[in-house]
>>> print(open('final.tsv').read())   # TSV, C-alpha atoms
chain	number	residue	atom	x	y	z
A	573	MET	CA	-52.99	-102.45	98.14
A	574	ASN	CA	-53.30	-99.03	99.76
A	575	ILE	CA	-55.28	-99.89	102.86
A	576	ILE	CA	-54.94	-96.42	104.39
A	577	SER	CA	-56.96	-95.01	101.49
A	578	GLN	CA	-59.91	-97.08	102.72
A	579	ILE	CA	-59.98	-95.24	106.04
A	580	ASP	CA	-61.69	-91.89	106.51
A	581	LEU	CA	-58.85	-90.01	108.22
A	582	LYS	CA	-61.07	-86.95	108.71
A	583	LYS	CA	-63.16	-89.09	111.04
A	584	HIS	CA	-60.70	-91.65	112.43
A	585	ILE	CA	-57.02	-92.10	113.19
A	586	LEU	CA	-54.64	-94.98	112.59
A	587	TYR	CA	-53.31	-97.44	115.13
A	588	SER	CA	-50.02	-96.39	116.70
A	589	PRO	CA	-46.59	-97.32	115.29
A	590	LEU	CA	-45.97	-99.28	118.49
A	591	MET	CA	-49.10	-101.38	117.96
A	592	GLU	CA	-47.94	-102.11	114.41
A	593	LYS	CA	-44.55	-103.21	115.76
A	594	VAL	CA	-46.11	-105.50	118.38
A	595	ILE	CA	-48.52	-107.15	115.95
A	596	LYS	CA	-45.81	-107.73	113.36
A	597	LYS	CA	-43.61	-109.30	116.03
A	598	HIS	CA	-46.34	-111.75	116.95
A	599	LEU	CA	-47.08	-112.52	113.30
A	600	GLU	CA	-43.41	-113.33	112.76
A	601	GLU	CA	-43.64	-115.83	115.61
A	602	LYS	CA	-46.54	-117.60	113.90
A	603	TYR	CA	-45.81	-117.35	110.17
A	604	HIS	CA	-42.91	-117.47	107.75
A	605	GLY	CA	-41.89	-115.78	104.50
A	606	ASP	CA	-44.62	-114.17	102.41
A	607	ASP	CA	-47.30	-115.36	104.82
A	608	ILE	CA	-46.22	-112.74	107.35
A	609	GLU	CA	-46.99	-109.86	104.97
A	610	LYS	CA	-50.21	-111.52	103.80
A	611	MET	CA	-51.47	-111.79	107.37
A	612	TRP	CA	-50.40	-108.23	108.16
A	613	GLU	CA	-52.42	-107.04	105.18
A	614	LYS	CA	-55.38	-109.12	106.36
A	615	VAL	CA	-55.21	-107.50	109.81
A	616	GLN	CA	-55.11	-104.02	108.28
A	617	LEU	CA	-58.05	-104.78	106.02
A	618	GLN	CA	-60.07	-105.96	108.99
A	619	TYR	CA	-59.16	-102.76	110.84
A	620	ALA	CA	-60.42	-100.69	107.89
A	621	VAL	CA	-63.67	-102.69	107.88
A	622	PHE	CA	-64.19	-102.07	111.59
A	623	LEU	CA	-63.70	-98.31	111.18
A	624	LYS	CA	-66.34	-98.00	108.46
A	625	ASP	CA	-69.14	-98.39	111.00
A	626	LEU	CA	-67.35	-96.76	113.92
A	627	PRO	CA	-68.69	-93.33	114.94
A	628	TYR	CA	-66.49	-90.29	115.44
A	629	LEU	CA	-64.64	-90.53	118.77
A	630	GLY	CA	-62.83	-87.21	119.00
A	631	GLY	CA	-59.87	-88.05	116.77
A	632	LYS	CA	-56.42	-86.95	117.89
A	633	LYS	CA	-57.91	-84.42	120.30
A	634	ASN	CA	-59.22	-87.27	122.45
A	635	THR	CA	-56.42	-88.41	124.74
A	636	HIS	CA	-58.11	-91.81	125.09
A	637	ASN	CA	-57.26	-92.35	121.43
A	638	GLY	CA	-53.51	-92.11	122.01
A	639	THR	CA	-51.01	-94.98	122.07
A	640	GLY	CA	-52.59	-97.98	123.76
A	641	GLY	CA	-56.04	-96.38	123.64
A	642	THR	CA	-59.23	-96.83	121.66
A	643	TYR	CA	-57.83	-97.31	118.16
A	644	ASP	CA	-55.01	-99.59	119.27
A	645	CYS	CA	-57.59	-101.78	121.01
A	646	ILE	CA	-59.64	-101.92	117.81
A	647	MET	CA	-56.49	-102.93	115.95
A	648	LEU	CA	-56.04	-105.78	118.43
A	649	PHE	CA	-59.63	-106.86	117.74
A	650	ALA	CA	-58.73	-106.81	114.04
A	651	TYR	CA	-55.71	-109.02	114.76
A	652	TYR	CA	-57.94	-111.42	116.70
A	653	GLU	CA	-60.53	-111.53	113.91
A	654	ALA	CA	-58.01	-111.83	111.07
A	655	LEU	CA	-56.39	-114.79	112.81
A	656	GLU	CA	-59.84	-116.39	113.15
A	657	HIS	CA	-60.00	-116.08	116.94
A	658	THR	CA	-56.91	-118.24	117.47
A	659	PRO	CA	-54.93	-115.80	119.69
A	660	ASP	CA	-55.87	-116.63	123.27
A	661	ILE	CA	-56.66	-114.13	125.99
A	662	ASN	CA	-53.16	-114.38	127.48
A	663	GLU	CA	-51.51	-113.41	124.19
A	664	LEU	CA	-53.91	-110.50	123.71
A	665	TYR	CA	-53.27	-109.31	127.26
A	666	GLU	CA	-49.52	-109.45	126.67
A	667	MET	CA	-49.83	-107.50	123.42
A	668	ASN	CA	-52.10	-104.90	124.97
A	669	CYS	CA	-49.71	-104.40	127.89
A	670	GLU	CA	-46.74	-104.04	125.53
A	671	VAL	CA	-48.44	-100.99	124.06
A	672	PHE	CA	-50.63	-99.58	126.84
A	673	LEU	CA	-47.99	-99.62	129.57
A	674	THR	CA	-45.43	-97.69	127.55
A	675	GLY	CA	-46.64	-94.33	128.84
A	676	PHE	CA	-46.42	-95.50	132.44
A	677	LYS	CA	-42.82	-96.66	132.10
A	678	SER	CA	-41.69	-93.04	131.93
A	679	LEU	CA	-43.46	-92.39	135.26
A	680	GLU	CA	-42.24	-95.51	137.01
A	681	LYS	CA	-39.16	-93.90	138.60
A	682	ILE	CA	-40.67	-90.51	139.42
A	683	ALA	CA	-44.28	-91.18	140.48
A	684	ASN	CA	-45.23	-92.85	143.73
A	685	ALA	CA	-48.93	-93.08	144.51
A	686	ASN	CA	-48.13	-93.58	148.20
A	687	LYS	CA	-47.39	-89.85	148.29
A	688	SER	CA	-50.41	-87.58	148.75
A	689	PHE	CA	-49.00	-85.05	146.25
A	690	VAL	CA	-48.92	-87.68	143.49
A	691	ARG	CA	-52.47	-88.79	144.23
A	692	ARG	CA	-53.58	-85.15	144.03
A	693	VAL	CA	-51.83	-84.76	140.67
A	694	LEU	CA	-53.61	-87.89	139.41
A	695	HIS	CA	-56.96	-86.46	140.49
A	696	THR	CA	-56.21	-83.17	138.72
A	697	ALA	CA	-55.28	-85.00	135.52
A	698	PHE	CA	-58.41	-87.16	135.63
A	699	SER	CA	-60.58	-84.09	136.25
A	700	ALA	CA	-59.08	-82.26	133.27
A	701	THR	CA	-59.74	-85.28	131.05
A	702	ALA	CA	-63.33	-85.54	132.22
A	703	ARG	CA	-63.95	-81.85	131.42
A	704	SER	CA	-62.67	-82.08	127.84
A	705	LYS	CA	-65.43	-82.29	125.25
A	706	TYR	CA	-63.14	-84.36	123.05
A	707	ASN	CA	-62.60	-86.96	125.76
A	708	CYS	CA	-65.96	-87.08	127.47
A	709	ASP	CA	-69.10	-85.34	126.28
A	710	PRO	CA	-72.42	-86.70	127.61
A	711	LYS	CA	-74.23	-84.72	124.89
A	712	GLN	CA	-72.61	-86.84	122.19
A	713	PRO	CA	-74.21	-90.20	121.33
A	714	THR	CA	-70.82	-91.92	121.33
A	715	GLY	CA	-67.48	-91.66	123.10
A	716	TYR	CA	-66.45	-91.84	126.73
A	717	ILE	CA	-68.42	-90.50	129.66
A	718	MET	CA	-66.18	-90.00	132.68
A	719	LYS	CA	-67.11	-88.57	136.07
A	720	VAL	CA	-64.62	-87.73	138.82
A	721	GLU	CA	-65.60	-87.62	142.49
A	722	PRO	CA	-64.60	-84.62	144.65
A	723	TYR	CA	-61.10	-85.11	145.97
A	724	ASP	CA	-60.58	-86.39	149.51
A	725	LYS	CA	-56.90	-86.61	150.48
A	726	LYS	CA	-57.66	-89.37	152.98
A	727	ILE	CA	-59.24	-91.53	150.28
A	728	GLY	CA	-57.47	-90.57	147.07
A	729	PRO	CA	-58.74	-90.19	143.50
A	730	LYS	CA	-61.97	-91.88	142.49
A	731	TYR	CA	-63.72	-91.76	139.13
A	732	ILE	CA	-66.00	-93.80	136.92
A	733	PHE	CA	-66.65	-94.35	133.25
A	734	GLU	CA	-70.34	-94.54	132.45
A	735	ARG	CA	-69.57	-95.26	128.80
A	736	CYS	CA	-66.56	-96.86	127.13
A	737	PRO	CA	-66.38	-97.17	123.31
A	738	ILE	CA	-64.04	-100.17	123.60
A	739	ALA	CA	-66.60	-102.09	125.65
A	740	GLU	CA	-69.38	-100.99	123.31
A	741	PHE	CA	-67.36	-102.19	120.33
A	742	ALA	CA	-66.79	-105.56	122.01
A	743	LYS	CA	-70.49	-105.94	122.76
A	744	ALA	CA	-71.47	-105.06	119.20
A	745	HIS	CA	-69.02	-107.54	117.64
A	746	GLY	CA	-69.27	-110.41	120.10
A	747	TYR	CA	-65.86	-109.98	121.73
A	748	LEU	CA	-66.85	-109.75	125.38
A	749	ASP	CA	-65.11	-113.04	126.13
A	750	ILE	CA	-61.72	-111.45	125.42
A	751	MET	CA	-62.32	-108.10	127.13
A	752	PRO	CA	-60.36	-109.08	130.27
A	753	ALA	CA	-57.26	-108.82	128.06
A	754	PHE	CA	-58.01	-105.11	127.73
A	755	CYS	CA	-59.59	-104.21	131.07
A	756	ASN	CA	-57.04	-106.03	133.24
A	757	SER	CA	-54.13	-103.96	131.96
A	758	ASP	CA	-55.26	-101.08	134.17
A	759	TYR	CA	-53.90	-102.98	137.17
A	760	PRO	CA	-50.23	-103.25	136.13
A	761	ALA	CA	-50.42	-99.64	134.93
A	762	MET	CA	-51.18	-98.49	138.48
A	763	GLU	CA	-48.60	-100.87	139.92
A	764	MET	CA	-45.92	-99.14	137.83
A	765	ILE	CA	-46.51	-95.93	139.78
A	766	HIS	CA	-46.65	-97.77	143.11
A	767	GLY	CA	-50.42	-97.58	143.08
A	768	HIS	CA	-53.12	-100.12	143.77
A	769	LEU	CA	-56.30	-100.08	141.69
A	770	ILE	CA	-59.50	-100.94	143.49
A	771	ARG	CA	-62.31	-101.72	141.05
A	772	LYS	CA	-65.48	-103.76	141.31
A	773	HIS	CA	-66.86	-103.40	137.79
A	774	THR	CA	-65.97	-102.57	134.20
A	775	CYS	CA	-68.18	-101.30	131.39
A	776	ALA	CA	-67.67	-104.70	129.74
A	777	ASN	CA	-69.29	-106.68	132.56
A	778	SER	CA	-71.46	-103.99	134.16
A	779	ASP	CA	-72.93	-100.54	133.55
A	780	ILE	CA	-69.87	-98.64	134.82
A	781	CYS	CA	-66.12	-98.93	135.20
A	782	ASP	CA	-65.18	-97.70	138.67
A	783	TYR	CA	-61.68	-96.63	139.70
A	784	TRP	CA	-60.26	-95.96	143.13
A	785	ILE	CA	-56.50	-95.46	143.21
A	786	VAL	CA	-54.54	-95.79	146.43
A	787	GLY	CA	-50.88	-96.33	147.28
A	788	ASP	CA	-49.67	-99.92	147.23
A	789	GLU	CA	-48.49	-99.55	150.84
A	790	SER	CA	-51.86	-98.27	152.09
A	791	GLU	CA	-54.30	-100.05	154.38
A	792	ALA	CA	-56.92	-99.85	151.64
A	793	ALA	CA	-54.64	-101.87	149.35
A	794	LYS	CA	-54.37	-104.57	152.00
A	795	GLU	CA	-58.10	-104.55	152.65
A	796	HIS	CA	-58.99	-104.80	148.94
A	797	PRO	CA	-56.68	-107.38	147.30
A	798	LYS	CA	-56.92	-108.12	143.60
A	799	LYS	CA	-59.07	-111.14	142.73
A	800	ILE	CA	-60.20	-112.83	139.52
A	801	ASP	CA	-63.76	-113.82	138.59
A	802	ASP	CA	-64.91	-116.80	136.54
A	803	LYS	CA	-64.70	-114.83	133.29
A	804	GLY	CA	-61.11	-113.69	133.83
A	805	TYR	CA	-61.74	-110.12	135.03
A	806	TRP	CA	-59.58	-108.82	137.86
A	807	TYR	CA	-61.57	-107.04	140.53
A	808	ASN	CA	-61.57	-106.06	144.20
A	809	ASP	CA	-64.27	-106.51	146.83
>>> encode(input="final.tsv", output="structure tokens")
Amino acid sequence: MNIISQIDLKKHILYSPLMEKVIKKHLEEKYHGDDIEKMWEKVQLQYAVFLKDLPYLGGKKNTHNGTGGTYDCIMLFAYYEALEHTPDINELYEMNCEVFLTGFKSLEKIANANKSFVRRVLHTAFSATARSKYNCDPKQPTGYIMKVEPYDKKIGPKYIFERCPIAEFAKAHGYLDIMPAFCNSDYPAMEMIHGHLIRKHTCANSDICDYWIVGDESEAAKEHPKKIDDKGYWYND
């Protein structure tokens, strides 16, 4: 069965090769023989079904749709649905991190958020993303809406998402209970560049997702330790 033919590639993009590799690895741990391929096909079919009702999200021009981004998250939802909700939140978190953190591994040895120059570079990158119509366009009825606060070198980069398609997808399909597996991965991502994420809310459990990135050796990091709420979300006071 040609599953790709069921996807409108003028409107959407496929999951990344890395996400395919991770899902197949986990399927091989659960199934044997022909059942592995049957389940892989079931996951792909579910992905195609999800995309039929998904609005345009900027395609390849939207950096949020890259490896570990929007479409990979939807593929993980497809995996969860195809396996009849049996993967637990810990497995989904592990799978998401295997993909999402890949881009940060290349920065691990060269980026240190304790340095003011690195924090300034992060702010510049976030600002450029927020200005791109393919990443964040408030005029569009769908997609991300990202706003970056003016830079203060004493505080560091701060920004918020007022809209997140991943959270909206989870709300529409009844997957909010597993969203910590997706949202929480932002914390180890910052840790890989010697940063400390300070966040009180996400778009999945509030109206906004707020980010404040400081160095892991800073006083702010000590004053705002990572905690976990009763639904599994990591947050900071």
>>> residues_around(input="final.tsv", residues="range 737-741 of chain A", least_positions_apart="2", cutoff="12 Å", atoms="only C-alpha atoms", output="PyMOL selection string")
chain A and resi 622-623+625-630+636-637+640-650+707-708+713-718+733-735+743-755+774-781
>>> residues_near_point(input="final.tsv", point="(-57.6, -112.1, 111.5)", cutoff="8 Å", atoms="all atoms listed in the file", output="list in words")
Met611, Lys614, Val615, Gln618, Ala650, Tyr651, Tyr652, Glu653, Ala654, Leu655, Glu656 and His657 of chain A
>>> residues_around(input="final.tsv", residues="Asn808 in chain A", least_positions_apart="2", cutoff="10 Å", atoms="only C-alpha atoms", output="tab-separated table (two decimals) with C-alpha atoms, in the coordinates of the input")
chain	number	residue	atom	x	y	z
A	769	LEU	CA	-56.30	-100.08	141.69
A	770	ILE	CA	-59.50	-100.94	143.49
A	771	ARG	CA	-62.31	-101.72	141.05
A	772	LYS	CA	-65.48	-103.76	141.31
A	773	HIS	CA	-66.86	-103.40	137.79
A	793	ALA	CA	-54.64	-101.87	149.35
A	795	GLU	CA	-58.10	-104.55	152.65
A	796	HIS	CA	-58.99	-104.80	148.94
A	797	PRO	CA	-56.68	-107.38	147.30
A	798	LYS	CA	-56.92	-108.12	143.60
A	799	LYS	CA	-59.07	-111.14	142.73
A	800	ILE	CA	-60.20	-112.83	139.52
A	801	ASP	CA	-63.76	-113.82	138.59
A	806	TRP	CA	-59.58	-108.82	137.86
>>> residues_around(input="final.tsv", residues="Met667 in chain A", least_positions_apart="5", cutoff="9 Å", atoms="all atoms listed in the file", output="list in words")
Met591, Val594, Ile595, His598, Leu648, Asn662, Phe672 and Ala753 of chain A
>>> closest_residue(input="final.tsv", among="A:Ile785, A:Leu679, A:Ile576, A:Cys669", to="Tyr731 in chain A", atoms="all atoms listed in the file")
A:Ile785
>>> closest_residue(input="final.tsv", among="A:Lys583, A:Tyr783, A:Thr639, A:Asp660", to="Gly675 in chain A", atoms="all atoms listed in the file")
A:Thr639
>>> closest_residue(input="final.tsv", among="A:Ser704, A:Asn686, A:Ser757, A:Gln578", to="Val786 in chain A", atoms="only C-alpha atoms")
A:Asn686
>>> closest_residue(input="final.tsv", among="A:Lys711, A:Lys730, A:Leu617, A:Val693", to="Asn574 in chain A", atoms="all atoms listed in the file")
A:Leu617
>>> atom_distance(input="final.tsv", atom1="CA of Pro659 in chain A", atom2="CA of Ala761 in chain A")
22.7 Å
>>> closest_residue(input="final.tsv", among="A:Asn684, A:Thr701, A:Thr696, A:Asn756", to="Glu789 in chain A", atoms="only C-alpha atoms")
A:Asn684
>>> atom_distance(input="final.tsv", atom1="CA of Trp784 in chain A", atom2="CA of Lys705 in chain A")
23.1 Å
>>> closest_residue(input="final.tsv", among="A:Lys719, A:Lys803, A:Lys596, A:Tyr759", to="Glu609 in chain A", atoms="all atoms listed in the file")
A:Lys596
>>> atom_distance(input="final.tsv", atom1="CA of Thr674 in chain A", atom2="CA of Lys633 in chain A")
19.6 Å
>>> residues_around(input="final.tsv", residues="Ala683 in chain A", least_positions_apart="3", cutoff="10 Å", atoms="only C-alpha atoms", output="count of residues only")
15
